[in-house]
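S.K.: My file is start.cif. It has mmCIF, C-alpha atoms:
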```
data_run
#
loop_
_atom_site.group_PDB
_atom_site.id
_atom_site.type_symbol
_atom_site.label_atom_id
_atom_site.label_comp_id
_atom_site.auth_asym_id
_atom_site.auth_seq_id
_atom_site.Cartn_x
_atom_site.Cartn_y
_atom_site.Cartn_z
ATOM 1 C CA PRO H 1 -26.832 155.766 138.801
ATOM 2 C CA MET H 2 -27.821 152.446 140.338
ATOM 3 C CA VAL H 3 -26.216 150.523 137.468
ATOM 4 C CA ARG H 4 -23.033 152.576 137.782
ATOM 5 C CA THR H 5 -22.963 151.926 141.527
ATOM 6 C CA ILE H 6 -23.343 148.165 140.994
ATOM 7 C CA LEU H 7 -20.662 148.141 138.285
ATOM 8 C CA ALA H 8 -18.312 150.133 140.504
ATOM 9 C CA ALA H 9 -18.860 147.695 143.368
ATOM 10 C CA LEU H 10 -18.202 144.716 141.090
ATOM 11 C CA ALA H 11 -15.030 146.380 139.808
ATOM 12 C CA CYS H 12 -13.804 146.870 143.387
ATOM 13 C CA LEU H 13 -14.502 143.227 144.212
ATOM 14 C CA LEU H 14 -12.645 142.096 141.095
ATOM 15 C CA LEU H 15 -9.636 144.287 141.880
ATOM 16 C CA SER H 16 -9.603 142.992 145.449
ATOM 17 C CA ALA H 17 -9.725 139.376 144.274
ATOM 18 C CA CYS H 18 -6.937 139.980 141.768
ATOM 19 C CA SER H 19 -4.861 141.669 144.448
ATOM 20 C CA GLN H 20 -5.303 138.684 146.785
ATOM 21 C CA VAL H 21 -4.297 136.245 144.043
ATOM 22 C CA ALA H 22 -1.212 138.351 143.320
ATOM 23 C CA GLU H 23 -0.262 138.414 146.993
ATOM 24 C CA ARG H 24 -0.677 134.651 147.390
ATOM 25 C CA GLY H 25 0.974 133.804 144.098
ATOM 26 C CA ALA H 26 -0.893 132.721 140.991
ATOM 27 C CA ASP H 27 0.579 129.227 141.141
ATOM 28 C CA ALA H 28 0.016 128.660 144.865
ATOM 29 C CA PRO H 29 -1.944 125.450 145.580
ATOM 30 C CA ARG H 30 -5.456 126.056 146.850
ATOM 31 C CA ARG H 31 -6.697 122.823 148.473
ATOM 32 C CA ILE H 32 -3.944 121.362 150.666
ATOM 33 C CA VAL H 33 -3.933 118.321 152.949
ATOM 34 C CA SER H 34 -1.072 117.563 155.359
ATOM 35 C CA LEU H 35 -0.506 113.962 156.460
ATOM 36 C CA ASP H 36 1.773 114.217 159.522
ATOM 37 C CA TYR H 37 2.806 116.762 162.097
ATOM 38 C CA CYS H 38 6.179 117.459 160.484
ATOM 39 C CA ALA H 39 4.383 118.352 157.255
ATOM 40 C CA ASP H 40 1.872 120.351 159.317
ATOM 41 C CA GLN H 41 4.601 122.796 160.340
ATOM 42 C CA TYR H 42 5.475 123.671 156.757
ATOM 43 C CA VAL H 43 1.856 123.858 155.609
ATOM 44 C CA LEU H 44 0.877 126.113 158.505
ATOM 45 C CA LYS H 45 3.894 128.333 157.892
ATOM 46 C CA PHE H 46 3.615 128.757 154.129
ATOM 47 C CA ALA H 47 0.029 128.021 153.054
ATOM 48 C CA ASP H 48 -2.788 130.527 153.488
ATOM 49 C CA ARG H 49 -5.209 129.324 156.121
ATOM 50 C CA GLU H 50 -8.170 129.285 153.721
ATOM 51 C CA ASP H 51 -6.239 126.934 151.428
ATOM 52 C CA ILE H 52 -5.702 124.239 154.084
ATOM 53 C CA LEU H 53 -8.347 121.525 153.829
ATOM 54 C CA ALA H 54 -6.997 119.397 156.659
ATOM 55 C CA LEU H 55 -4.002 118.759 158.871
ATOM 56 C CA SER H 56 -2.834 115.631 160.642
ATOM 57 C CA PRO H 57 -4.465 114.569 163.927
ATOM 58 C CA ASP H 58 -1.241 115.604 165.716
ATOM 59 C CA ALA H 59 -1.236 119.202 164.460
ATOM 60 C CA GLY H 60 -2.430 120.584 167.781
ATOM 61 C CA LYS H 61 -0.266 118.416 170.052
ATOM 62 C CA ARG H 62 2.380 119.902 172.319
ATOM 63 C CA PHE H 63 5.215 118.568 170.181
ATOM 64 C CA SER H 64 3.829 120.476 167.167
ATOM 65 C CA TYR H 65 5.641 123.815 166.900
ATOM 66 C CA MET H 66 2.822 125.543 164.974
ATOM 67 C CA ARG H 67 0.088 124.112 167.220
ATOM 68 C CA ALA H 68 -1.472 127.512 167.961
ATOM 69 C CA ALA H 69 -1.959 128.201 164.242
ATOM 70 C CA ALA H 70 -3.562 124.755 163.805
ATOM 71 C CA GLU H 71 -6.467 125.558 166.102
ATOM 72 C CA GLY H 72 -9.814 125.327 164.323
ATOM 73 C CA ILE H 73 -8.496 123.654 161.160
ATOM 74 C CA PRO H 74 -10.023 120.216 160.385
ATOM 75 C CA THR H 75 -7.864 117.105 160.697
ATOM 76 C CA VAL H 76 -7.824 113.900 158.674
ATOM 77 C CA ARG H 77 -6.347 110.461 159.214
ATOM 78 C CA PRO H 78 -3.533 109.757 156.727
ATOM 79 C CA ARG H 79 -5.487 107.101 154.840
ATOM 80 C CA THR H 80 -5.895 107.243 151.085
ATOM 81 C CA ALA H 81 -9.690 107.030 151.054
ATOM 82 C CA ASP H 82 -10.091 109.698 153.739
ATOM 83 C CA VAL H 83 -7.673 112.052 151.988
ATOM 84 C CA LEU H 84 -9.144 111.610 148.499
ATOM 85 C CA ALA H 85 -12.648 112.212 149.860
ATOM 86 C CA LEU H 86 -11.541 115.789 150.517
ATOM 87 C CA GLN H 87 -10.598 116.251 146.828
ATOM 88 C CA PRO H 88 -7.263 117.959 147.507
ATOM 89 C CA ASP H 89 -5.145 119.745 144.924
ATOM 90 C CA LEU H 90 -1.981 118.946 146.855
ATOM 91 C CA VAL H 91 -0.863 116.539 149.579
ATOM 92 C CA VAL H 92 2.133 117.295 151.801
ATOM 93 C CA ARG H 93 3.847 114.570 153.815
ATOM 94 C CA THR H 94 7.013 113.553 155.597
ATOM 95 C CA TYR H 95 6.122 110.031 156.749
ATOM 96 C CA GLY H 96 2.304 110.120 157.007
ATOM 97 C CA GLY H 97 0.273 107.573 155.084
ATOM 98 C CA GLY H 98 3.126 105.132 154.556
ATOM 99 C CA HIS H 99 5.679 105.015 151.763
ATOM 100 C CA ASP H 100 3.186 103.992 149.072
ATOM 101 C CA ILE H 101 0.549 106.699 149.539
ATOM 102 C CA ALA H 102 2.209 108.816 146.838
ATOM 103 C CA ASP H 103 1.572 105.976 144.369
ATOM 104 C CA PHE H 104 -2.099 105.872 145.342
ATOM 105 C CA MET H 105 -2.319 109.621 144.685
ATOM 106 C CA LYS H 106 -0.966 109.285 141.138
ATOM 107 C CA GLU H 107 -4.095 107.717 139.617
ATOM 108 C CA PRO H 108 -6.435 110.577 140.627
ATOM 109 C CA GLY H 109 -3.656 113.024 139.696
ATOM 110 C CA VAL H 110 -3.002 114.529 143.129
ATOM 111 C CA PRO H 111 0.594 115.782 143.416
ATOM 112 C CA VAL H 112 2.506 115.025 146.622
ATOM 113 C CA VAL H 113 5.166 117.243 148.164
ATOM 114 C CA GLN H 114 7.584 114.957 149.978
ATOM 115 C CA ILE H 115 9.478 116.619 152.825
ATOM 116 C CA GLY H 116 12.825 115.036 153.594
ATOM 117 C CA PHE H 117 14.594 114.168 156.829
ATOM 118 C CA PRO H 118 17.376 116.767 157.063
ATOM 119 C CA GLN H 119 20.425 115.766 159.069
ATOM 120 C CA SER H 120 22.121 119.162 159.199
ATOM 121 C CA ILE H 121 21.145 122.813 159.503
ATOM 122 C CA ALA H 122 22.244 123.331 155.890
ATOM 123 C CA GLU H 123 19.792 120.627 154.806
ATOM 124 C CA VAL H 124 17.056 122.275 156.896
ATOM 125 C CA ARG H 125 17.693 125.538 155.017
ATOM 126 C CA ASP H 126 17.360 123.705 151.704
ATOM 127 C CA GLU H 127 14.065 122.107 152.765
ATOM 128 C CA VAL H 128 12.612 125.422 153.912
ATOM 129 C CA LEU H 129 13.459 127.009 150.558
ATOM 130 C CA ARG H 130 12.210 124.070 148.493
ATOM 131 C CA VAL H 131 8.965 123.393 150.346
ATOM 132 C CA GLY H 132 8.160 127.081 150.774
ATOM 133 C CA THR H 133 8.531 127.497 147.017
ATOM 134 C CA GLU H 134 6.365 124.453 146.246
ATOM 135 C CA LEU H 135 3.666 125.913 148.503
ATOM 136 C CA GLY H 136 3.764 129.157 146.523
ATOM 137 C CA LYS H 137 5.724 131.290 149.006
ATOM 138 C CA PRO H 138 9.337 131.528 147.779
ATOM 139 C CA ASP H 139 9.851 135.058 149.134
ATOM 140 C CA GLU H 140 8.627 134.079 152.597
ATOM 141 C CA ALA H 141 10.914 131.020 152.527
ATOM 142 C CA GLU H 142 13.921 133.158 151.635
ATOM 143 C CA GLN H 143 13.077 135.593 154.434
ATOM 144 C CA LEU H 144 12.807 132.727 156.913
ATOM 145 C CA VAL H 145 16.191 131.327 155.879
ATOM 146 C CA ALA H 146 17.716 134.811 156.089
ATOM 147 C CA ASP H 147 16.399 135.057 159.662
ATOM 148 C CA MET H 148 17.917 131.653 160.485
ATOM 149 C CA ASP H 149 21.271 132.805 159.096
ATOM 150 C CA ARG H 150 21.128 136.080 161.025
ATOM 151 C CA ARG H 151 20.457 134.297 164.320
ATOM 152 C CA LEU H 152 23.192 131.713 163.699
ATOM 153 C CA LYS H 153 25.667 134.476 162.858
ATOM 154 C CA ALA H 154 24.828 136.265 166.096
ATOM 155 C CA LEU H 155 25.477 133.035 168.031
ATOM 156 C CA ALA H 156 28.790 132.458 166.245
ATOM 157 C CA GLU H 157 29.956 135.911 167.326
ATOM 158 C CA ARG H 158 29.540 135.098 171.028
ATOM 159 C CA SER H 159 32.730 134.310 172.883
ATOM 160 C CA GLY H 160 33.506 132.109 175.844
ATOM 161 C CA PRO H 161 35.059 128.715 176.610
ATOM 162 C CA GLN H 162 33.551 125.653 174.997
ATOM 163 C CA ARG H 163 31.503 123.365 177.249
ATOM 164 C CA GLU H 164 30.536 119.689 177.064
ATOM 165 C CA VAL H 165 26.862 118.705 176.842
ATOM 166 C CA LEU H 166 24.924 115.433 177.025
ATOM 167 C CA TYR H 167 21.567 115.040 175.266
ATOM 168 C CA MET H 168 19.010 113.091 177.305
ATOM 169 C CA THR H 169 15.394 112.033 176.765
ATOM 170 C CA PRO H 170 12.936 110.327 179.168
ATOM 171 C CA ALA H 171 13.408 107.169 177.105
ATOM 172 C CA GLY H 172 17.077 107.101 178.109
ATOM 173 C CA VAL H 173 18.330 107.870 174.596
ATOM 174 C CA THR H 174 21.182 110.169 173.638
ATOM 175 C CA ALA H 175 22.565 111.444 170.331
ATOM 176 C CA GLY H 176 26.071 111.442 168.892
ATOM 177 C CA GLU H 177 27.768 112.559 165.732
ATOM 178 C CA GLY H 178 25.711 112.045 162.586
ATOM 179 C CA THR H 179 22.464 113.253 164.142
ATOM 180 C CA LEU H 180 20.732 116.598 163.807
ATOM 181 C CA VAL H 181 20.993 117.052 167.586
ATOM 182 C CA HIS H 182 24.788 116.887 167.286
ATOM 183 C CA GLU H 183 24.625 119.589 164.613
ATOM 184 C CA LEU H 184 22.711 121.819 167.040
ATOM 185 C CA PHE H 185 25.481 121.383 169.608
ATOM 186 C CA VAL H 186 28.091 122.387 167.035
ATOM 187 C CA ALA H 187 26.077 125.487 166.109
ATOM 188 C CA ALA H 188 25.902 126.431 169.807
ATOM 189 C CA ASP H 189 29.694 125.910 170.171
ATOM 190 C CA LEU H 190 29.259 122.912 172.476
ATOM 191 C CA ARG H 191 31.166 119.619 172.549
ATOM 192 C CA ASN H 192 29.073 116.474 172.567
ATOM 193 C CA PHE H 193 29.744 114.297 175.628
ATOM 194 C CA GLN H 194 28.432 111.273 173.720
ATOM 195 C CA ASP H 195 31.421 109.864 171.805
ATOM 196 C CA ARG H 196 29.539 107.177 169.867
ATOM 197 C CA PRO H 197 27.880 108.186 166.581
ATOM 198 C CA GLY H 198 24.141 107.972 165.991
ATOM 199 C CA TRP H 199 21.412 107.270 168.542
ATOM 200 C CA ASN H 200 22.365 105.191 171.578
ATOM 201 C CA PRO H 201 21.317 104.495 175.182
ATOM 202 C CA LEU H 202 22.741 106.856 177.780
ATOM 203 C CA PRO H 203 26.361 105.917 178.575
ATOM 204 C CA LEU H 204 25.649 105.074 182.224
ATOM 205 C CA GLU H 205 28.976 103.380 182.916
ATOM 206 C CA ARG H 206 30.913 106.388 181.681
ATOM 207 C CA LEU H 207 28.615 108.776 183.569
ATOM 208 C CA ALA H 208 29.522 106.983 186.790
ATOM 209 C CA TYR H 209 33.033 108.484 186.643
ATOM 210 C CA GLU H 210 32.811 111.306 184.061
ATOM 211 C CA ARG H 211 30.435 114.250 183.833
ATOM 212 C CA PRO H 212 29.506 116.736 181.135
ATOM 213 C CA ASP H 213 29.186 120.432 181.966
ATOM 214 C CA LEU H 214 25.458 120.507 181.289
ATOM 215 C CA ILE H 215 22.504 118.376 180.214
ATOM 216 C CA ALA H 216 20.263 119.066 177.218
ATOM 217 C CA ALA H 217 16.967 117.517 178.337
ATOM 218 C CA ALA H 218 14.421 117.012 175.549
ATOM 219 C CA PHE H 219 10.774 115.925 175.747
ATOM 220 C CA PHE H 220 10.743 115.968 179.556
ATOM 221 C CA GLU H 221 7.826 118.430 179.422
ATOM 222 C CA SER H 222 5.593 115.622 178.129
ATOM 223 C CA LYS H 223 3.915 113.875 181.052
ATOM 224 C CA THR H 224 2.844 110.992 178.827
ATOM 225 C CA ASN H 225 6.270 110.149 177.428
ATOM 226 C CA HIS H 226 7.385 106.769 178.837
ATOM 227 C CA VAL H 227 5.875 107.434 182.256
ATOM 228 C CA ASP H 228 5.218 103.754 182.891
ATOM 229 C CA ASN H 229 8.361 102.386 181.260
ATOM 230 C CA TRP H 230 11.765 101.902 182.832
ATOM 231 C CA SER H 231 14.530 103.617 180.943
ATOM 232 C CA ALA H 232 18.171 104.513 181.444
ATOM 233 C CA ALA H 233 17.034 108.059 182.293
ATOM 234 C CA ARG H 234 15.582 106.655 185.536
ATOM 235 C CA HIS H 235 18.844 105.088 186.622
ATOM 236 C CA PRO H 236 20.303 106.746 189.749
ATOM 237 C CA VAL H 237 23.409 107.770 187.811
ATOM 238 C CA ALA H 238 21.352 109.570 185.179
ATOM 239 C CA ARG H 239 19.026 111.116 187.734
ATOM 240 C CA ALA H 240 22.024 112.477 189.592
ATOM 241 C CA GLN H 241 23.115 114.326 186.433
ATOM 242 C CA LEU H 242 19.688 115.904 186.076
ATOM 243 C CA ARG H 243 19.673 116.880 189.729
ATOM 244 C CA GLU H 244 23.214 118.202 190.090
ATOM 245 C CA LEU H 245 24.209 119.656 186.709
ATOM 246 C CA PRO H 246 22.850 122.697 184.841
ATOM 247 C CA VAL H 247 19.969 121.551 182.638
ATOM 248 C CA VAL H 248 18.843 123.159 179.370
ATOM 249 C CA PRO H 249 15.210 122.152 178.749
ATOM 250 C CA LEU H 250 14.673 121.572 175.021
ATOM 251 C CA GLU H 251 11.034 121.628 173.989
ATOM 252 C CA GLY H 252 10.086 118.589 171.958
ATOM 253 C CA ALA H 253 8.546 120.925 169.381
ATOM 254 C CA TRP H 254 11.983 122.394 168.640
ATOM 255 C CA THR H 255 13.680 119.125 167.801
ATOM 256 C CA SER H 256 11.029 116.585 166.790
ATOM 257 C CA CYS H 257 11.095 117.709 163.132
ATOM 258 C CA GLY H 258 13.699 119.258 160.867
ATOM 259 C CA GLY H 259 12.539 122.859 160.481
ATOM 260 C CA TRP H 260 13.508 126.495 160.983
ATOM 261 C CA PHE H 261 12.447 126.231 164.648
ATOM 262 C CA LEU H 262 15.622 124.278 165.424
ATOM 263 C CA ILE H 263 17.280 127.656 165.841
ATOM 264 C CA ASP H 264 15.198 128.133 169.014
ATOM 265 C CA ALA H 265 16.986 125.073 170.418
ATOM 266 C CA VAL H 266 20.424 126.343 169.357
ATOM 267 C CA GLU H 267 19.776 129.675 171.090
ATOM 268 C CA ALA H 268 18.617 127.915 174.274
ATOM 269 C CA LEU H 269 21.748 125.744 174.237
ATOM 270 C CA ALA H 270 23.990 128.787 173.780
ATOM 271 C CA GLU H 271 22.289 130.485 176.729
ATOM 272 C CA GLY H 272 22.745 127.323 178.798
ATOM 273 C CA LYS H 273 26.424 127.164 177.903
ATOM 274 C CA GLU H 274 26.954 130.711 179.133
ATOM 275 C CA GLY H 275 25.039 129.952 182.325
ATOM 276 C CA ALA H 276 27.271 126.950 183.024
ATOM 277 C CA GLN H 277 30.452 129.015 182.967
#
```
Would you put the structure from the file into structure tokens?
M.R.:
Amino acid sequence: PMVRTILAALACLLLSACSQVAERGADAPRRIVSLDYCADQYVLKFADREDILALSPDAGKRFSYMRAAAEGIPTVRPRTADVLALQPDLVVRTYGGGHDIADFMKEPGVPVVQIGFPQSIAEVRDEVLRVGTELGKPDEAEQLVADMDRRLKALAERSGPQREVLYMTPAGVTAGEGTLVHELFVAADLRNFQDRPGWNPLPLERLAYERPDLIAAAFFESKTNHVDNWSAARHPVARAQLRELPVVPLEGAWTSCGGWFLIDAVEALAEGKEGAQ
């Protein structure tokens, strides 16, 4: 009877282990290291916690969307020697470790998943599907993209007059056409007040005689962001906009990386547009 009991227990353990492998995917990587906080978001979303060897030192910072999930997971500096000492099966990066770290990983045979820099919501969808699949969770990635599409469709069905918005950061920078921020405005049915493409200083001269309907203020929640530096955002003209116009606070964690969480920003912008009417 004792032997049968032991064998039965071993059989249960084996079935449980097989079930867990099936749930996680037989080809899912098991020892993962993330090299920067943009990569951290994808690793924390798609990798099982027990498979994450280390995250970047910024994983728990306020501008990291998945910071709560990062709590308690070790971190590592994105240096080749430090990473290889962990003996990873997979390294995930956006910019961490410099452009040549992938070459250094080739000799020991450590594959690197390179996350891109999407410049549109469509490109974000593609990255979520690709990276989720490479981390062994294609079904979860498809579900996440389906949720993004559902939320965007709901926003597109809202009615109301279009409003004009200006993006502003504490550094006095704004965003025009050709940036992901501009794409968020389009998704929220907003016109961009900034008429120059790319990233530029705030158009202070124009703001002296023209005004948008609302301000999208990003990264202002960070008390350490450019506190001691003068920027265009501190100019009286810019400060007047922040004081007198409706302001939509955009958390830095929503917009600092190209991920599914950008939809949080689009929804906040759509709510702000309706409030400005």
S.K.: Kindly provide, as AutoDock Vina command-line options, the centre and edge lengths (Å, one decimal) of an axis-aligned box around all atoms of region 124-130 of chain H given in the file, with 8 Å on each side.
M.R.:
```
--center_x 15.0 --center_y 124.6 --center_z 152.7 --size_x 21.5 --size_y 20.9 --size_z 24.4
```
S.K.: Please list, as JSON, numbers by chain, the residues that have an atom at most 12 Å away from (9.3, 133.7, 153.6) in the coordinates of this file, counting only C-alpha atoms.
M.R.: {"H": [24, 42, 45, 46, 47, 125, 128, 129, 130, 131, 132, 133, 135, 136, 137, 138, 139, 140, 141, 142, 143, 144, 145, 146, 147, 148, 260]}
S.K.: Run through the PyMOL selection byres ((chain H and resi 55-69) around 9) on the given coordinates and return the selected residues as an MDAnalysis selection string.
M.R.: chainID H and resid 32:45 49 52:54 70:78 96 219 222 251:257 261
S.K.: With a distance cut-off of 9 Å and all atoms listed in the file, select the neighbouring residues of Ala175 (chain H), excluding the residue or stretch itself and same-chain residues fewer than 4 positions from it, and output the selection as a PyMOL selection string.
M.R.: chain H and resi 166-168+179-182+192+194+196-202
S.K.: Need the shell around Leu155 (chain H): protein/DNA/RNA residues with any atom at most 9 Å away, counting all atoms listed in the file. Skip same-chain ones fewer than 4 positions apart. Format as number ranges by chain?
M.R.: H: 150-151, 159, 187-189, 266-267, 270
S.K.: Out of H:Val248, H:Ala218, H:Ala154, H:Val112, which residue has the shortest atom-to-atom distance to Glu274 (chain H) when counting all atoms listed in the file?
M.R.: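 When distances to Glu274 (chain H) are compared using all atoms listed in the file, the smallest one comes from H:Val248.
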S.K.: Please indicate the distance in Å from CA of Gly258 (chain H) to CA of Pro111 (chain H), rounded to one decimal place.
M.R.: 22.1 Å
S.K.: What is the distance between CA of Arg191 (chain H) and CA of Gly160 (chain H), in Å to one decimal?
M.R.: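 These atoms are spaced 13.1 Å apart.
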S.K.: Could you check how far CA of Leu250 (chain H) sits from CA of Gly97 (chain H), in Å to one decimal?
M.R.: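 Separation between CA of Leu250 (chain H) and CA of Gly97 (chain H): 28.3 Å.
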